Amino acid sequence: PETHYHEFVVQETPVKRLCKTQNIITVNGQFPGPTIAARNGDSLAIKVTNRVRYNITIHWHGIRQMRTPWADGPEFVTQCPIMPDRTYTYRFKIENQEGTLWWHAHSRWLRATVYGALIIFPKSGSLYPFSAPKIDVPIILGEWWNRNILKVMKQALHTGAAPKVSNAYTVNGQPGDLYKCSAQDTTKISVNPGDTVMLRVINAALNQELFFSVANHKLTVVGSDATYNKPFTTDVIMVGPGQTTNVVLKADQPPAHYYMAARAYQSAQNATFDNTTTTAILHYKTASAATNPVLPRLPAFNDTATVTAFSSQLRSVRALVKVPTQIDENLFFTVGLGLINCNPGPRCQGHNNTRFAASMNNVSFVLPRTVSLMQAYYQNTPGIYTVDFPPSPPRKFDYTGNMSRALWQPGSGTKLYKLKFGSNVQIVLQDTAIVTTEDHPIHLHGYHFFVVGEGFGNFNPATDTSKFNLVDPPVRNTINVPDGGWAVIRFHADNPGVWLFHCHIDSHLTWGLAMAFIVENGEGPLQSVEPPPADLPKC
Ligand code: C2O
């Protein structure tokens, strides 16, 4: 195993998109940021220097960070932010993970432009469980705004309206040639006939789930969220923010230009979203220059049936899938929107003196501001958080039925839930119809988990539990809780620390759709959090 060193300088960089130049925040002047590649078992040391006027942190999305929560990255959860002109070196080891992950800023909405791919190859001497592709490229889907992203965020935080939608979707930072002023720079992948191509599709968009398809080419899905799955073939995939999907295609079509395209999947009713399409080009080197690319047929924006058909095919391939069967902690979390009453003014612009909120079990999550949760926990600092996050909703109701908006308004708090080291945890994630039903990509830091069941309507333990897949459930770090439905995940709490659990749609996260787990130390150093690094930022 090797240790890879990287330098990340966070800086302002002028970038031209959609006919307009603006300063955005980048790493090393690159947008998207640098790709990190390593092998399973390697270690990484990434020195991050902040050269912008905002505080920032970097999160290594999906990396388990065994015993190194200090390197996880979410601001005020596992560290204080890196202040302007300060440096912090993230040090961690990749343990038993292979496939595609990514990294992104985890401060306010700065991940809009601060992200990149994190690719984990098999250990040297070991192989993929499928034949190795000739070409291997990240396809990072994102969103582009023509405005300062922190202004967009403020608007989302204070209003009763949905946040301003982005001005374009992007592939590897480029909108592609269906948008104005973008044709020149469209992402292009050149292939020879017969090549196999692995596309590591990452959804880095702030607020949008996306369909992705390649014209005239079947996609063989081989992995998601840095785990392998039993390969299956599809025309289209849906990737939620935070998720990754590895697909392999064969360049077996007549030499030509084919679009790879992504467009919104938007389940919530009356939601505003950008219904345009971002494209990249699969270019056969033997094609004549003049031919126009062919567009794939993408599903309608609200085509939940296609999403369900896709996700129900994911099956884990790991020979050693050990799904916990005895459950120590049986938790039930609602995930959904809500409205909070407020006094009219600039920070309260919704209908009837409200602003949007979001919650789990009626608690809208609030981050501390003076110390990180991990530091407060490690040092036993009182008054920063409480450990009374409710294991189930305060009252039962018809979660996905019609209900009045007045019925259920979340309270707010910094409430955590404590887990014993080694406990087996099950969480039922139940979407609600408060304001609207909606598909939520829920992400757990420090872990991946088994998705043992999914369905629509209200979860019913009497009839749904018997249908759980305890044999080959998919392993993920981010699960799309279906629109007006539920998903059940299980994990073994073998990684001590404080771990954020949240919706990866940033507007929902900002509104409070989050909580955090404390996983206590077990016995001895191999089951305990390592001491904090000397350069850990102070608030
Ligand atoms: Cu990729 Cu807490 O996020």
# chains A, B, ... in the order shown; residues from 1 in each chain; ligands from 1
call {"tool": "residues_around", "arguments": {"residues": "stretch 503-519 of chain A", "least_positions_apart": "2", "cutoff": "6 Å", "atoms": "only C-alpha atoms", "output": "VMD selection string"}}
result
chain A and resid 206 to 207 241 357 to 360 364 to 365 416 to 421 441 to 442 496 to 501
call {"tool": "select_by_dssp", "arguments": {"residues": "stretch 321-386 of chain A", "states": "helix (DSSP H, G or I)", "output": "list of chain:residue names"}}
result
A:Leu373, A:Met374, A:Gln375, A:Ala376, A:Tyr377, A:Tyr378
call {"tool": "write_last_selection", "arguments": {"atoms": "C-alpha atoms", "output": "PDB file, in the first residue's frame"}}
result
ATOM      1  CA  LEU A 373     -19.792  18.168  17.574  1.00  0.00           C
ATOM      2  CA  MET A 374     -16.891  15.725  17.392  1.00  0.00           C
ATOM      3  CA  GLN A 375     -14.638  18.009  19.446  1.00  0.00           C
ATOM      4  CA  ALA A 376     -17.402  18.689  21.959  1.00  0.00           C
ATOM      5  CA  TYR A 377     -18.024  14.945  22.314  1.00  0.00           C
ATOM      6  CA  TYR A 378     -14.317  14.074  22.580  1.00  0.00           C
TER       7      TYR A 378
END
call {"tool": "select_by_dssp", "arguments": {"residues": "stretch 343-520 of chain A", "states": "strand (DSSP E)", "output": "NGL selection string"}}
result
:A and (354-360 or 363-365 or 411-413 or 416-419 or 424-431 or 440-444 or 449-456 or 475-476 or 478-481 or 485-492 or 497-503 or 514-519)
call {"tool": "closest_residue", "arguments": {"among": "A:Leu210, A:Ala105, A:Ala117, A:Ile281", "to": "A:Val191", "atoms": "only C-alpha atoms"}}
result
A:Ile281
call {"tool": "residues_near_ligand", "arguments": {"ligand": "ligand 1", "cutoff": "8 Å", "atoms": "only C-alpha atoms and all ligand atoms", "output": "VMD selection string"}}
result
chain A and resid 59 to 62 74 102 to 104 106 241 to 242 443 to 445 500 to 502 504
call {"tool": "residues_around", "arguments": {"residues": "A:Phe232", "least_positions_apart": "5", "cutoff": "12 Å", "atoms": "only C-alpha atoms", "output": "list in words"}}
result
Phe130, Lys218, Leu219, Thr220, Val221, Val222, Gly223, Ile237, Asn246, Val247, Val248, Leu249, Ala309, Phe310, Ser311, Ser312, Gln313, Leu314, Arg315, Ser316 and Val317 of chain A
call {"tool": "atom_distance", "arguments": {"atom1": "atom CA of A:Glu98", "atom2": "atom CA of A:Asp235"}}
result
24.4 Å
call {"tool": "residues_around", "arguments": {"residues": "stretch 429-435 of chain A", "least_positions_apart": "4", "cutoff": "8 Å", "atoms": "only C-alpha atoms", "output": "PyMOL selection string"}}
result
chain A and resi 332-338+399-405+408+439-440+458-459+481-489
call {"tool": "atom_distance", "arguments": {"atom1": "atom CA of A:Tyr284", "atom2": "atom CA of A:Val197"}}
result
12.0 Å
call {"tool": "decode", "arguments": {"residues": "stretch 113-129 of chain A", "atoms": "C-alpha atoms", "output": "short mmCIF file (atom, residue, chain, number, x, y, z; two decimals), in the first residue's frame"}}
result
data_model
loop_
_atom_site.label_atom_id
_atom_site.label_comp_id
_atom_site.auth_asym_id
_atom_site.auth_seq_id
_atom_site.Cartn_x
_atom_site.Cartn_y
_atom_site.Cartn_z
CA THR A 113 -18.15 24.43 -7.59
CA VAL A 114 -15.76 22.69 -5.18
CA TYR A 115 -15.86 18.99 -6.05
CA GLY A 116 -13.97 16.24 -7.83
CA ALA A 117 -13.77 12.48 -8.36
CA LEU A 118 -12.15 10.05 -5.93
CA ILE A 119 -11.41 6.78 -7.69
CA ILE A 120 -10.45 3.62 -5.83
CA PHE A 121 -8.89 0.84 -7.89
CA PRO A 122 -8.61 -2.74 -6.67
CA LYS A 123 -5.55 -3.66 -4.59
CA SER A 124 -2.52 -4.32 -6.75
CA GLY A 125 -2.68 -7.90 -7.98
CA SER A 126 -6.46 -8.06 -7.61
CA LEU A 127 -8.98 -7.52 -10.39
CA TYR A 128 -12.42 -6.08 -11.03
CA PRO A 129 -15.18 -8.69 -10.80
#
